>>> print(open('work-v5.txt').read())   # compact mmCIF, C-alpha atoms
# COMPACT_ATOMS: atom_id res chain seq x y z
CA MET A 1 -7.29 -22.11 32.16
CA ASP A 2 -4.76 -19.48 31.04
CA CYS A 3 -5.25 -19.25 27.30
CA SER A 4 -2.86 -16.33 26.71
CA TYR A 5 -0.12 -18.71 25.53
CA PHE A 6 -2.38 -20.07 22.79
CA ARG A 7 -4.07 -16.76 21.92
CA ALA A 8 -0.67 -15.27 21.19
CA ARG A 9 -0.20 -18.05 18.63
CA ILE A 10 -3.51 -17.73 16.80
CA ASN A 11 -2.20 -14.91 14.58
CA HIS A 12 0.89 -16.95 13.70
CA TYR A 13 -1.38 -19.91 13.01
CA VAL A 14 -3.57 -18.02 10.53
CA ASP A 15 -0.40 -16.69 8.89
CA GLY A 16 0.89 -20.24 8.50
CA GLU A 17 3.96 -19.43 10.57
CA LEU A 18 3.72 -22.19 13.18
CA GLY A 19 5.81 -25.32 12.98
CA TYR A 20 4.33 -28.81 12.99
CA LEU A 21 4.54 -29.31 16.76
CA GLU A 22 3.22 -25.84 17.61
CA THR A 23 0.32 -26.34 15.19
CA ALA A 24 -0.55 -29.70 16.73
CA GLU A 25 -0.35 -28.19 20.22
CA LEU A 26 -2.65 -25.30 19.27
CA GLN A 27 -5.13 -27.54 17.47
CA GLY A 28 -5.24 -29.81 20.53
CA HIS A 29 -6.07 -26.80 22.69
CA LEU A 30 -8.71 -25.53 20.25
CA SER A 31 -10.45 -28.89 20.33
CA PHE A 32 -11.57 -28.35 23.91
CA CYS A 33 -11.32 -24.56 24.47
CA ALA A 34 -14.46 -22.97 23.09
CA ASP A 35 -13.24 -19.39 23.76
CA CYS A 36 -10.03 -19.76 21.78
CA ALA A 37 -11.85 -21.66 19.03
CA GLU A 38 -14.36 -18.82 18.85
CA GLU A 39 -11.56 -16.24 18.61
CA LEU A 40 -9.97 -18.16 15.76
CA ALA A 41 -13.35 -18.48 14.00
CA GLN A 42 -14.01 -14.75 14.31
CA MET A 43 -10.55 -13.87 13.09
CA SER A 44 -11.00 -16.16 10.10
CA GLU A 45 -14.35 -14.51 9.34
CA VAL A 46 -12.80 -11.04 9.43
CA ARG A 47 -9.90 -12.11 7.21
CA GLY A 48 -12.34 -13.78 4.81
CA ALA A 49 -14.41 -10.59 4.63
CA MET A 50 -11.26 -8.54 3.99
CA ALA A 51 -10.15 -10.86 1.21
CA THR A 52 -13.61 -10.57 -0.37
CA TRP A 53 -13.46 -6.78 -0.04
CA GLY A 54 -10.07 -6.84 -1.75
CA ARG A 55 -11.70 -8.49 -4.76
CA THR A 56 -14.33 -5.76 -4.93
CA GLU A 57 -13.55 -3.03 -7.39
CA LEU A 58 -14.64 0.52 -6.62
CA ALA A 59 -15.42 2.86 -9.47
CA PRO A 60 -13.56 6.17 -9.27
CA PRO A 61 -15.48 9.46 -9.56
CA PRO A 62 -16.96 10.27 -12.99
CA GLY A 63 -14.51 11.81 -15.44
CA PHE A 64 -11.47 10.28 -13.71
CA ALA A 65 -10.02 8.71 -16.87
CA GLU A 66 -10.45 11.98 -18.76
CA ARG A 67 -8.62 13.91 -16.03
CA VAL A 68 -5.75 11.42 -16.01
CA ALA A 69 -5.51 11.54 -19.81
CA ALA A 70 -5.49 15.35 -19.72
CA ALA A 71 -2.69 15.31 -17.13
CA ALA A 72 -0.74 12.76 -19.22
CA ALA A 73 -1.09 15.01 -22.27
CA LEU A 74 0.84 17.72 -20.38
CA GLU A 75 3.72 15.32 -19.66
CA PRO A 76 6.73 14.87 -21.93
CA LYS A 77 6.42 11.69 -24.03
CA PRO A 78 7.18 8.58 -21.96
CA GLY A 79 10.50 7.75 -23.60
CA GLU A 80 11.74 11.35 -23.73
CA ALA A 81 14.79 12.09 -21.59
CA THR A 82 14.30 15.02 -19.23
CA VAL A 83 16.61 16.01 -16.38
CA GLY A 84 14.08 14.85 -13.80
CA ARG A 85 13.63 11.50 -15.48
CA VAL A 86 17.35 10.88 -15.94
CA VAL A 87 17.97 11.62 -12.26
CA GLY A 88 14.93 9.55 -11.22
CA ASP A 89 15.99 6.59 -13.36
CA ALA A 90 19.54 6.81 -12.01
CA LEU A 91 18.20 6.76 -8.44
CA ASP A 92 15.94 3.81 -9.26
CA ALA A 93 18.88 1.97 -10.81
CA LEU A 94 20.94 2.70 -7.68
CA ASP A 95 18.08 1.35 -5.58
CA ASP A 96 17.90 -1.84 -7.64
CA THR A 97 21.66 -2.34 -7.65
CA LEU A 98 22.57 -1.38 -4.11
CA GLY A 99 19.40 -2.41 -2.30
CA ARG A 100 18.88 -1.44 1.32
CA ILE A 101 21.15 -1.15 4.34
CA PRO A 102 20.00 -2.94 7.51
CA LEU A 103 19.73 -0.72 10.59
CA PRO A 104 19.52 -1.70 14.26
CA GLY A 105 16.07 -2.89 15.30
CA GLY A 106 15.40 -4.65 12.01
CA ARG A 107 14.75 -1.47 9.99
CA THR A 108 16.23 -1.01 6.55
CA ILE A 109 17.02 2.15 4.59
CA PRO A 110 17.56 2.51 0.82
CA VAL A 111 21.20 3.13 -0.09
CA LYS A 112 20.17 6.10 -2.26
CA ASN A 113 18.74 7.79 0.85
CA VAL A 114 22.05 7.31 2.66
CA LEU A 115 23.88 8.84 -0.32
CA GLY A 116 21.38 11.71 -0.36
CA TYR A 117 21.84 12.38 3.37
CA GLY A 118 25.61 12.17 2.90
CA LEU A 119 25.56 14.73 0.09
CA ALA A 120 23.30 17.03 2.09
CA ALA A 121 25.59 16.75 5.14
CA ALA A 122 28.65 17.45 2.94
CA ALA A 123 26.96 20.56 1.50
CA VAL A 124 26.18 21.85 5.01
CA LEU A 125 29.75 21.18 6.19
CA ILE A 126 31.18 23.02 3.19
CA GLN A 127 28.98 26.04 3.96
CA VAL A 128 29.95 25.99 7.66
CA GLU A 129 33.63 25.72 6.77
CA ARG A 130 33.29 28.69 4.35
CA TYR A 131 31.52 30.72 6.99
CA LEU A 132 34.19 30.01 9.61
CA ARG A 133 37.01 30.82 7.18
CA ARG A 134 35.35 34.11 6.27
CA ALA A 135 34.80 34.91 9.95
CA ARG A 136 38.53 34.31 10.62
CA GLU A 137 39.48 36.53 7.67
CA LEU A 138 37.26 39.36 8.93
CA LYS A 139 38.47 39.07 12.51
CA PRO A 140 39.89 42.46 13.62
CA LEU A 141 43.59 42.48 14.44
CA MET B 1 -18.93 4.68 -6.37
CA THR B 2 -20.31 1.30 -7.15
CA PRO B 3 -18.24 -1.84 -7.07
CA SER B 4 -17.97 -4.10 -10.01
CA ASN B 5 -16.28 -7.42 -9.65
CA LEU B 6 -12.76 -6.95 -10.91
CA LYS B 7 -13.46 -5.89 -14.46
CA TRP B 8 -9.72 -5.78 -15.18
CA ALA B 9 -9.20 -9.36 -14.03
CA THR B 10 -11.57 -10.71 -16.65
CA LEU B 11 -9.93 -8.75 -19.46
CA PRO B 12 -6.74 -9.72 -21.22
CA ASP B 13 -3.67 -7.55 -20.66
CA PRO B 14 -3.22 -4.75 -23.21
CA THR B 15 -1.59 -6.06 -26.37
CA PRO B 16 2.06 -5.18 -27.07
CA ALA B 17 0.78 -2.93 -29.88
CA GLU B 18 -1.56 -1.04 -27.51
CA LEU B 19 1.23 -0.65 -24.97
CA ALA B 20 3.65 0.50 -27.64
CA ARG B 21 1.20 3.17 -28.82
CA ALA B 22 0.71 4.42 -25.26
CA ALA B 23 4.47 4.31 -24.61
CA ASP B 24 4.92 6.36 -27.75
CA GLY B 25 2.88 9.15 -26.18
CA GLU B 26 -0.51 8.43 -27.79
CA VAL B 27 -2.78 9.75 -25.06
CA GLU B 28 -5.91 8.09 -26.47
CA ALA B 29 -4.22 4.68 -26.25
CA PHE B 30 -3.15 5.45 -22.69
CA LYS B 31 -6.69 6.54 -21.82
CA THR B 32 -7.99 3.14 -22.92
CA ILE B 33 -5.59 1.54 -20.44
CA VAL B 34 -6.74 3.94 -17.71
CA GLU B 35 -10.39 3.12 -18.38
CA ARG B 36 -9.67 -0.58 -18.12
CA TYR B 37 -7.69 -0.49 -14.88
CA GLN B 38 -9.04 2.57 -13.09
CA GLY B 39 -11.18 0.46 -10.75
CA MET B 40 -8.24 -1.62 -9.56
CA VAL B 41 -5.90 1.34 -9.06
CA TYR B 42 -8.57 3.43 -7.35
CA SER B 43 -9.56 0.57 -5.02
CA VAL B 44 -5.94 0.00 -3.96
CA ALA B 45 -5.53 3.72 -3.25
CA TYR B 46 -8.81 3.88 -1.33
CA ASN B 47 -7.98 0.86 0.81
CA VAL B 48 -4.52 2.20 1.67
CA LEU B 49 -5.52 5.83 2.22
CA GLY B 50 -9.02 5.40 3.63
CA ASN B 51 -10.73 8.35 1.96
CA HIS B 52 -11.90 9.23 -1.52
CA THR B 53 -10.18 12.59 -1.95
CA ASP B 54 -6.70 11.23 -1.32
CA ALA B 55 -7.53 8.03 -3.22
CA GLU B 56 -8.32 10.00 -6.36
CA ASP B 57 -5.08 12.00 -6.12
CA ALA B 58 -2.98 8.90 -5.45
CA ALA B 59 -4.67 6.92 -8.23
CA GLN B 60 -3.98 9.74 -10.69
CA GLU B 61 -0.36 9.82 -9.55
CA ALA B 62 -0.10 6.05 -10.02
CA PHE B 63 -1.35 6.30 -13.60
CA LEU B 64 1.05 9.15 -14.38
CA ARG B 65 3.93 7.05 -13.03
CA CYS B 66 2.67 4.23 -15.21
CA TYR B 67 2.65 6.56 -18.23
CA ARG B 68 6.22 7.70 -17.55
CA LYS B 69 7.46 4.16 -16.96
CA LEU B 70 5.66 2.45 -19.84
CA PRO B 71 8.87 2.11 -21.89
CA GLN B 72 10.41 0.23 -18.93
CA TYR B 73 7.58 -2.32 -18.67
CA ARG B 74 8.82 -5.80 -19.48
CA SER B 75 6.37 -8.63 -19.88
CA GLU B 76 7.99 -10.85 -17.22
CA ALA B 77 5.10 -9.83 -14.97
CA THR B 78 1.57 -9.38 -16.26
CA PHE B 79 0.68 -5.77 -16.90
CA SER B 80 -1.97 -5.82 -14.18
CA THR B 81 0.55 -7.10 -11.60
CA TRP B 82 3.04 -4.41 -12.62
CA LEU B 83 0.36 -1.72 -12.40
CA PHE B 84 -0.88 -3.08 -9.05
CA ARG B 85 2.63 -2.63 -7.59
CA LEU B 86 2.82 0.90 -8.99
CA ALA B 87 -0.56 1.70 -7.42
CA LEU B 88 0.53 0.28 -4.07
CA ASN B 89 3.83 2.19 -4.08
CA SER B 90 2.16 5.43 -5.15
CA SER B 91 -0.46 5.13 -2.42
CA ILE B 92 2.14 4.45 0.27
CA ASP B 93 4.37 7.28 -0.96
CA TYR B 94 1.33 9.55 -0.95
CA LYS B 95 0.51 8.56 2.61
CA ARG B 96 4.09 9.27 3.67
CA ARG B 97 3.99 12.74 2.11
CA GLU B 98 0.48 13.77 3.05
CA ARG B 99 0.08 13.17 6.73
CA ARG B 100 -3.37 14.69 6.78
CA ARG B 101 -6.07 13.64 9.13
CA PRO B 102 -8.46 11.36 7.31
CA GLU B 103 -11.84 12.76 6.40
CA PRO B 104 -14.81 11.93 8.58
CA VAL B 105 -16.13 8.39 8.13
CA GLU B 106 -16.87 8.05 4.48
CA VAL B 107 -18.14 4.69 3.41
CA PRO B 108 -17.95 3.85 -0.28
CA ASP B 109 -21.31 3.91 -1.92
CA VAL B 110 -21.61 0.17 -2.17
CA ALA B 111 -24.90 -0.68 -3.78
CA ALA B 112 -27.34 -2.37 -1.45
CA GLY B 113 -27.93 -6.06 -1.90
CA GLU B 114 -25.68 -9.03 -2.07
CA GLN B 115 -22.66 -7.01 -3.14
CA ALA B 116 -22.60 -5.28 0.22
CA GLU B 117 -22.46 -8.61 2.09
CA LEU B 118 -18.93 -9.88 2.54
CA GLY B 119 -19.85 -13.03 4.43
CA ASP B 120 -20.62 -14.07 8.03
CA GLY B 121 -22.87 -11.08 8.57
CA ILE B 122 -20.11 -8.58 7.77
CA THR B 123 -21.13 -5.90 5.30
CA ALA B 124 -18.86 -3.75 3.16
CA ALA B 125 -20.09 -0.70 5.03
CA THR B 126 -19.21 -2.07 8.47
CA LEU B 127 -15.83 -3.37 7.35
CA THR B 128 -14.74 -0.14 5.64
CA SER B 129 -15.97 1.89 8.58
CA ALA B 130 -14.03 -0.34 11.02
CA LEU B 131 -10.92 -0.13 8.81
CA HIS B 132 -11.28 3.62 8.60
CA ASP B 133 -11.32 3.92 12.39
CA LEU B 134 -8.12 1.92 12.86
CA PRO B 135 -5.06 4.05 13.63
CA ASN B 136 -3.03 4.60 10.45
CA ASP B 137 -0.12 2.64 11.88
CA TYR B 138 -2.34 -0.43 12.13
CA ARG B 139 -4.54 0.07 9.12
CA VAL B 140 -1.95 0.17 6.36
CA PRO B 141 -0.06 -3.02 7.35
CA THR B 142 -3.36 -4.82 8.03
CA VAL B 143 -4.76 -3.81 4.64
CA LEU B 144 -1.57 -4.88 2.86
CA ARG B 145 -1.50 -8.21 4.68
CA ASP B 146 -5.15 -9.27 4.83
CA ILE B 147 -6.70 -7.51 1.84
CA TYR B 148 -3.80 -7.89 -0.59
CA GLY B 149 -1.96 -10.85 0.95
CA LEU B 150 1.51 -9.28 0.86
CA PRO B 151 4.29 -11.09 2.77
CA TYR B 152 5.30 -9.43 6.04
CA GLN B 153 8.83 -8.72 4.79
CA GLU B 154 7.49 -6.84 1.78
CA ILE B 155 5.18 -4.79 4.02
CA ALA B 156 8.16 -3.99 6.24
CA ASP B 157 10.13 -2.78 3.21
CA LEU B 158 7.24 -0.77 1.79
CA THR B 159 6.41 0.93 5.08
CA ALA B 160 10.07 1.22 6.20
CA ARG B 161 9.34 -0.41 9.54
CA PRO B 162 11.00 -3.32 11.32
CA LEU B 163 9.56 -6.74 10.52
CA GLY B 164 8.63 -7.44 14.15
CA THR B 165 6.82 -4.10 14.43
CA VAL B 166 4.83 -4.80 11.28
CA LYS B 167 3.69 -8.16 12.64
CA VAL B 168 2.60 -6.59 15.93
CA MET B 169 0.70 -3.87 14.03
CA VAL B 170 -1.12 -6.43 11.90
CA HIS B 171 -1.98 -8.56 14.94
CA ARG B 172 -3.35 -5.51 16.77
CA GLY B 173 -5.21 -4.34 13.70
CA ARG B 174 -6.87 -7.73 13.33
CA ALA B 175 -7.78 -7.79 17.02
CA SER B 176 -9.35 -4.32 16.82
CA LEU B 177 -11.31 -5.24 13.70
CA ARG B 178 -12.51 -8.51 15.23
CA LEU B 179 -13.75 -6.80 18.39
CA ARG B 180 -15.35 -3.94 16.49
CA LEU B 181 -17.17 -6.20 14.04
CA GLN B 182 -18.25 -8.53 16.81
CA ALA B 183 -19.70 -5.56 18.72
CA GLU B 184 -21.51 -4.37 15.59
CA ARG B 185 -23.05 -7.80 15.05
CA GLU B 186 -24.19 -8.01 18.64
CA ALA B 187 -25.67 -4.50 18.58
>>> encode(input="work-v5.txt", output="structure tokens")
Amino acid sequence: MDCSYFRARINHYVDGELGYLETAELQGHLSFCADCAEELAQMSEVRGAMATWGRTELAPPPGFAERVAAAAALEPKPGEATVGRVVGDALDALDDTLGRIPLPGGRTIPVKNVLGYGLAAAAVLIQVERYLRRARELKPL
Amino acid sequence: MTPSNLKWATLPDPTPAELARAADGEVEAFKTIVERYQGMVYSVAYNVLGNHTDAEDAAQEAFLRCYRKLPQYRSEATFSTWLFRLALNSSIDYKRRERRRPEPVEVPDVAAGEQAELGDGITAATLTSALHDLPNDYRVPTVLRDIYGLPYQEIADLTARPLGTVKVMVHRGRASLRLRLQAEREA
């Protein structure tokens, strides 16, 4: 039997993305196909192990908290306005307000990146235009 | 590096007074927060980045972001959830910036015994080694989906990849892990 149709659906099944009919169809197949049932069982075991691993907390190297605290002590106070923070907060606010622009192929790009690229392109164009104007001015008669 | 079982999850969130002191620049108060949550932040960074050197750098960066953003924390989300998101974003940003080759296989020093057993004959050492060997493009989405349970759309946004691509990467990552762990069990 060609199981590829059902195997392609096992991932969607474990993600809970199959509809009622597709689920019933897959479960019917699993009830008599030992290979596909085994694949599902193994995948469930791996996902279970990963979830357990995700609940396991690793201890960082000794002295980590002290190093972080020392680095924090060198920072301006959290509420203090610095140029970097003001710009960063403004960009974050832009991100929250404007969101992301959808691109072809399902990708998205933050609006602030588009604005950044636009500003960079404008700066380059201004420099090129200056260069060309200067070259025209210096052109021998 | 020994695992404990989610120390932060069993502790209450820092009190508003503790947070206010830290947000006011009291480094000792901030250090108490770091000590409480360092395991969670470090684990997130390690799972996303796959090696201890980068994990330490990214975890430190996450805590410094936390320090800078403390005045913006609002209690709509629990503090641990807010910090978890910061850790995740810092680790992914770090990965984007530092496209280094991962270090040679480096398995966390998980203490022997029942803690190393994750179920169904899979040990922490075999799982982390298998995760480490996945290509980066597969590992990060698979970790975000199956270790941290993030929705696909959120993974697509975080990794700046199309939704369909993210799903394919997770499916391939799972398939590679399944085959690798099956081979290890049979060996």
>>> residues_around(input="work-v5.txt", residues="segment 86-98 of chain A", least_positions_apart="6", cutoff="9 Å", atoms="only C-alpha atoms", output="list in words")
Pro110, Val111 and Lys112 of chain A
>>> write_last_selection(input="work-v5.txt", atoms="C-alpha atoms", output="compact mmCIF listing (two decimals), in the frame of the given file")
# COMPACT_ATOMS: atom_id res chain seq x y z
CA PRO A 110 17.56 2.51 0.82
CA VAL A 111 21.20 3.13 -0.09
CA LYS A 112 20.17 6.10 -2.26
>>> closest_atom_pairs(input="work-v5.txt", of="chain B", to="chain A", cutoff="7 Å", atoms="all atoms listed in the file", output="Markdown table")
| residue | atom | partner | partner_atom | distance |
| --- | --- | --- | --- | --- |
| B:Met1 | CA | A:Ala59 | CA | 5.0 |
| B:Thr2 | CA | A:Ala59 | CA | 5.6 |
| B:Pro3 | CA | A:Leu58 | CA | 4.3 |
| B:Ser4 | CA | A:Glu57 | CA | 5.2 |
| B:Asn5 | CA | A:Thr56 | CA | 5.4 |
| B:Leu6 | CA | A:Glu57 | CA | 5.3 |
| B:Ala23 | CA | A:Pro78 | CA | 5.7 |
| B:Asp24 | CA | A:Pro78 | CA | 6.6 |
| B:Gly25 | CA | A:Lys77 | CA | 4.9 |
| B:Val27 | CA | A:Ala69 | CA | 6.2 |
| B:Lys31 | CA | A:Ala69 | CA | 5.5 |
| B:Val34 | CA | A:Ala65 | CA | 5.8 |
| B:Glu35 | CA | A:Ala65 | CA | 5.8 |
| B:Gln38 | CA | A:Pro60 | CA | 6.9 |
| B:Gly39 | CA | A:Ala59 | CA | 5.0 |
| B:Met40 | CA | A:Glu57 | CA | 5.9 |
| B:Tyr42 | CA | A:Pro60 | CA | 6.0 |
| B:Ser43 | CA | A:Leu58 | CA | 5.3 |
| B:Gln60 | CA | A:Val68 | CA | 5.9 |
| B:Leu64 | CA | A:Ala72 | CA | 6.3 |
| B:Tyr67 | CA | A:Pro78 | CA | 6.2 |
| B:Arg68 | CA | A:Pro78 | CA | 4.6 |
| B:Lys69 | CA | A:Pro78 | CA | 6.7 |
| B:Leu70 | CA | A:Pro78 | CA | 6.7 |
| B:Pro71 | CA | A:Gly79 | CA | 6.1 |
| B:Leu118 | CA | A:Ala49 | CA | 5.0 |
| B:Gly119 | CA | A:Ala49 | CA | 6.0 |
| B:Asp120 | CA | A:Glu45 | CA | 6.4 |
| B:Ile122 | CA | A:Ala49 | CA | 6.8 |
| B:Ala124 | CA | A:Trp53 | CA | 7.0 |
| B:Asp146 | CA | A:Arg47 | CA | 6.0 |
| B:Ile147 | CA | A:Ala51 | CA | 4.8 |
| B:Tyr148 | CA | A:Gly54 | CA | 6.5 |
| B:Ala160 | CA | A:Thr108 | CA | 6.6 |
| B:Arg161 | CA | A:Arg107 | CA | 5.5 |
| B:Pro162 | CA | A:Arg107 | CA | 4.4 |
| B:Leu163 | CA | A:Gly106 | CA | 6.4 |
| B:His171 | CA | A:Asn11 | CA | 6.4 |
| B:Arg178 | CA | A:Met43 | CA | 6.1 |
>>> atom_distance(input="work-v5.txt", atom1="atom CA of Arg85 of chain B", atom2="atom CA of Pro14 of chain B")
16.8 Å
>>> residues_near_point(input="work-v5.txt", point="(2.1, -24.0, 24.3)", cutoff="10 Å", atoms="only C-alpha atoms", output="list in words")
Cys3, Ser4, Tyr5, Phe6, Arg7, Ala8, Arg9, Leu21, Glu22, Thr23, Ala24, Glu25, Leu26 and His29 of chain A
>>> atom_distance(input="work-v5.txt", atom1="atom CA of Leu19 of chain B", atom2="atom CA of Arg74 of chain B")
10.7 Å
>>> residues_around(input="work-v5.txt", residues="segment 135-139 of chain B", least_positions_apart="6", cutoff="7 Å", atoms="all atoms listed in the file", output="list in words")
Met169, Val170, Arg172 and Gly173 of chain B
>>> closest_residue(input="work-v5.txt", among="A:Gly99, A:Ala34, A:Ile126, A:Arg136", to="Asn113 of chain A", atoms="only C-alpha atoms")
A:Gly99
>>> atom_distance(input="work-v5.txt", atom1="atom CA of Cys36 of chain A", atom2="atom CA of Ser176 of chain B")
16.2 Å
>>> residues_around(input="work-v5.txt", residues="Ala55 of chain B", least_positions_apart="3", cutoff="7 Å", atoms="all atoms listed in the file", output="list in words")
Tyr42, Ala45, Tyr46, Leu49, Asn51, His52, Ala58 and Ala59 of chain B
>>> residues_near_point(input="work-v5.txt", point="(4.1, 6.3, -1.6)", cutoff="12 Å", atoms="only C-alpha atoms", output="VMD selection string")
chain B and resid 45 48 to 49 54 to 55 57 to 59 61 to 62 65 85 to 99 140 157 to 160
>>> axis_aligned_box(input="work-v5.txt", around="segment 73-77 of chain A", padding_each_side="5 Å", output="lines of an AutoDock Vina configuration file")
center_x = 2.8
center_y = 14.7
center_z = -21.8
size_x = 17.8
size_y = 16.0
size_z = 14.4
>>> closest_residue(input="work-v5.txt", among="B:Pro141, B:Gly50, B:Pro12, B:Pro151", to="Leu127 of chain B", atoms="all atoms listed in the file")
B:Gly50
>>> build_atoms(input="work-v5.txt", residues="segment 55-63 of chain B", atoms="all heavy atoms", output="PDB file, in the coordinates of the input")
ATOM      1  N   ALA B  55      -7.589   9.181  -2.310  1.00  0.00           N
ATOM      2  CA  ALA B  55      -7.530   8.030  -3.220  1.00  0.00           C
ATOM      3  C   ALA B  55      -7.504   8.498  -4.667  1.00  0.00           C
ATOM      4  O   ALA B  55      -6.753   7.961  -5.487  1.00  0.00           O
ATOM      5  CB  ALA B  55      -8.722   7.110  -2.975  1.00  0.00           C
ATOM      6  N   GLU B  56      -8.294   9.514  -4.974  1.00  0.00           N
ATOM      7  CA  GLU B  56      -8.320  10.000  -6.360  1.00  0.00           C
ATOM      8  C   GLU B  56      -6.965  10.592  -6.746  1.00  0.00           C
ATOM      9  O   GLU B  56      -6.435  10.315  -7.829  1.00  0.00           O
ATOM     10  CB  GLU B  56      -9.438  11.028  -6.550  1.00  0.00           C
ATOM     11  CG  GLU B  56      -9.571  11.419  -8.011  1.00  0.00           C
ATOM     12  CD  GLU B  56     -10.703  12.378  -8.301  1.00  0.00           C
ATOM     13  OE1 GLU B  56     -11.517  12.636  -7.404  1.00  0.00           O
ATOM     14  OE2 GLU B  56     -10.755  12.865  -9.448  1.00  0.00           O
ATOM     15  N   ASP B  57      -6.398  11.393  -5.836  1.00  0.00           N
ATOM     16  CA  ASP B  57      -5.080  12.000  -6.120  1.00  0.00           C
ATOM     17  C   ASP B  57      -4.022  10.911  -6.308  1.00  0.00           C
ATOM     18  O   ASP B  57      -3.219  10.964  -7.247  1.00  0.00           O
ATOM     19  CB  ASP B  57      -4.646  12.897  -4.958  1.00  0.00           C
ATOM     20  CG  ASP B  57      -5.454  14.181  -4.901  1.00  0.00           C
ATOM     21  OD1 ASP B  57      -6.193  14.450  -5.868  1.00  0.00           O
ATOM     22  OD2 ASP B  57      -5.366  14.893  -3.894  1.00  0.00           O
ATOM     23  N   ALA B  58      -4.014   9.941  -5.397  1.00  0.00           N
ATOM     24  CA  ALA B  58      -2.980   8.900  -5.450  1.00  0.00           C
ATOM     25  C   ALA B  58      -3.159   8.020  -6.683  1.00  0.00           C
ATOM     26  O   ALA B  58      -2.181   7.593  -7.305  1.00  0.00           O
ATOM     27  CB  ALA B  58      -3.009   8.061  -4.186  1.00  0.00           C
ATOM     28  N   ALA B  59      -4.417   7.753  -7.048  1.00  0.00           N
ATOM     29  CA  ALA B  59      -4.670   6.920  -8.230  1.00  0.00           C
ATOM     30  C   ALA B  59      -4.198   7.649  -9.491  1.00  0.00           C
ATOM     31  O   ALA B  59      -3.602   7.048 -10.393  1.00  0.00           O
ATOM     32  CB  ALA B  59      -6.161   6.591  -8.325  1.00  0.00           C
ATOM     33  N   GLN B  60      -4.455   8.958  -9.529  1.00  0.00           N
ATOM     34  CA  GLN B  60      -3.980   9.740 -10.690  1.00  0.00           C
ATOM     35  C   GLN B  60      -2.449   9.702 -10.754  1.00  0.00           C
ATOM     36  O   GLN B  60      -1.858   9.531 -11.828  1.00  0.00           O
ATOM     37  CB  GLN B  60      -4.482  11.180 -10.581  1.00  0.00           C
ATOM     38  CG  GLN B  60      -3.882  12.056 -11.677  1.00  0.00           C
ATOM     39  CD  GLN B  60      -4.716  13.296 -11.967  1.00  0.00           C
ATOM     40  OE1 GLN B  60      -5.915  13.308 -11.738  1.00  0.00           O
ATOM     41  NE2 GLN B  60      -4.086  14.316 -12.486  1.00  0.00           N
ATOM     42  N   GLU B  61      -1.825   9.852  -9.597  1.00  0.00           N
ATOM     43  CA  GLU B  61      -0.360   9.820  -9.550  1.00  0.00           C
ATOM     44  C   GLU B  61       0.164   8.458 -10.020  1.00  0.00           C
ATOM     45  O   GLU B  61       1.169   8.380 -10.734  1.00  0.00           O
ATOM     46  CB  GLU B  61       0.062  10.064  -8.102  1.00  0.00           C
ATOM     47  CG  GLU B  61       1.460  10.560  -7.941  1.00  0.00           C
ATOM     48  CD  GLU B  61       1.708  10.948  -6.493  1.00  0.00           C
ATOM     49  OE1 GLU B  61       1.130  11.959  -6.051  1.00  0.00           O
ATOM     50  OE2 GLU B  61       2.459  10.226  -5.809  1.00  0.00           O
ATOM     51  N   ALA B  62      -0.531   7.401  -9.611  1.00  0.00           N
ATOM     52  CA  ALA B  62      -0.100   6.050 -10.020  1.00  0.00           C
ATOM     53  C   ALA B  62      -0.161   5.913 -11.535  1.00  0.00           C
ATOM     54  O   ALA B  62       0.757   5.370 -12.164  1.00  0.00           O
ATOM     55  CB  ALA B  62      -0.982   5.001  -9.359  1.00  0.00           C
ATOM     56  N   PHE B  63      -1.236   6.410 -12.139  1.00  0.00           N
ATOM     57  CA  PHE B  63      -1.350   6.300 -13.600  1.00  0.00           C
ATOM     58  C   PHE B  63      -0.299   7.158 -14.309  1.00  0.00           C
ATOM     59  O   PHE B  63       0.220   6.766 -15.356  1.00  0.00           O
ATOM     60  CB  PHE B  63      -2.756   6.698 -14.059  1.00  0.00           C
ATOM     61  CG  PHE B  63      -3.727   5.552 -13.994  1.00  0.00           C
ATOM     62  CD1 PHE B  63      -4.839   5.591 -13.181  1.00  0.00           C
ATOM     63  CD2 PHE B  63      -3.526   4.399 -14.762  1.00  0.00           C
ATOM     64  CE1 PHE B  63      -5.732   4.532 -13.106  1.00  0.00           C
ATOM     65  CE2 PHE B  63      -4.409   3.339 -14.708  1.00  0.00           C
ATOM     66  CZ  PHE B  63      -5.509   3.405 -13.889  1.00  0.00           C
TER      67      PHE B  63
END
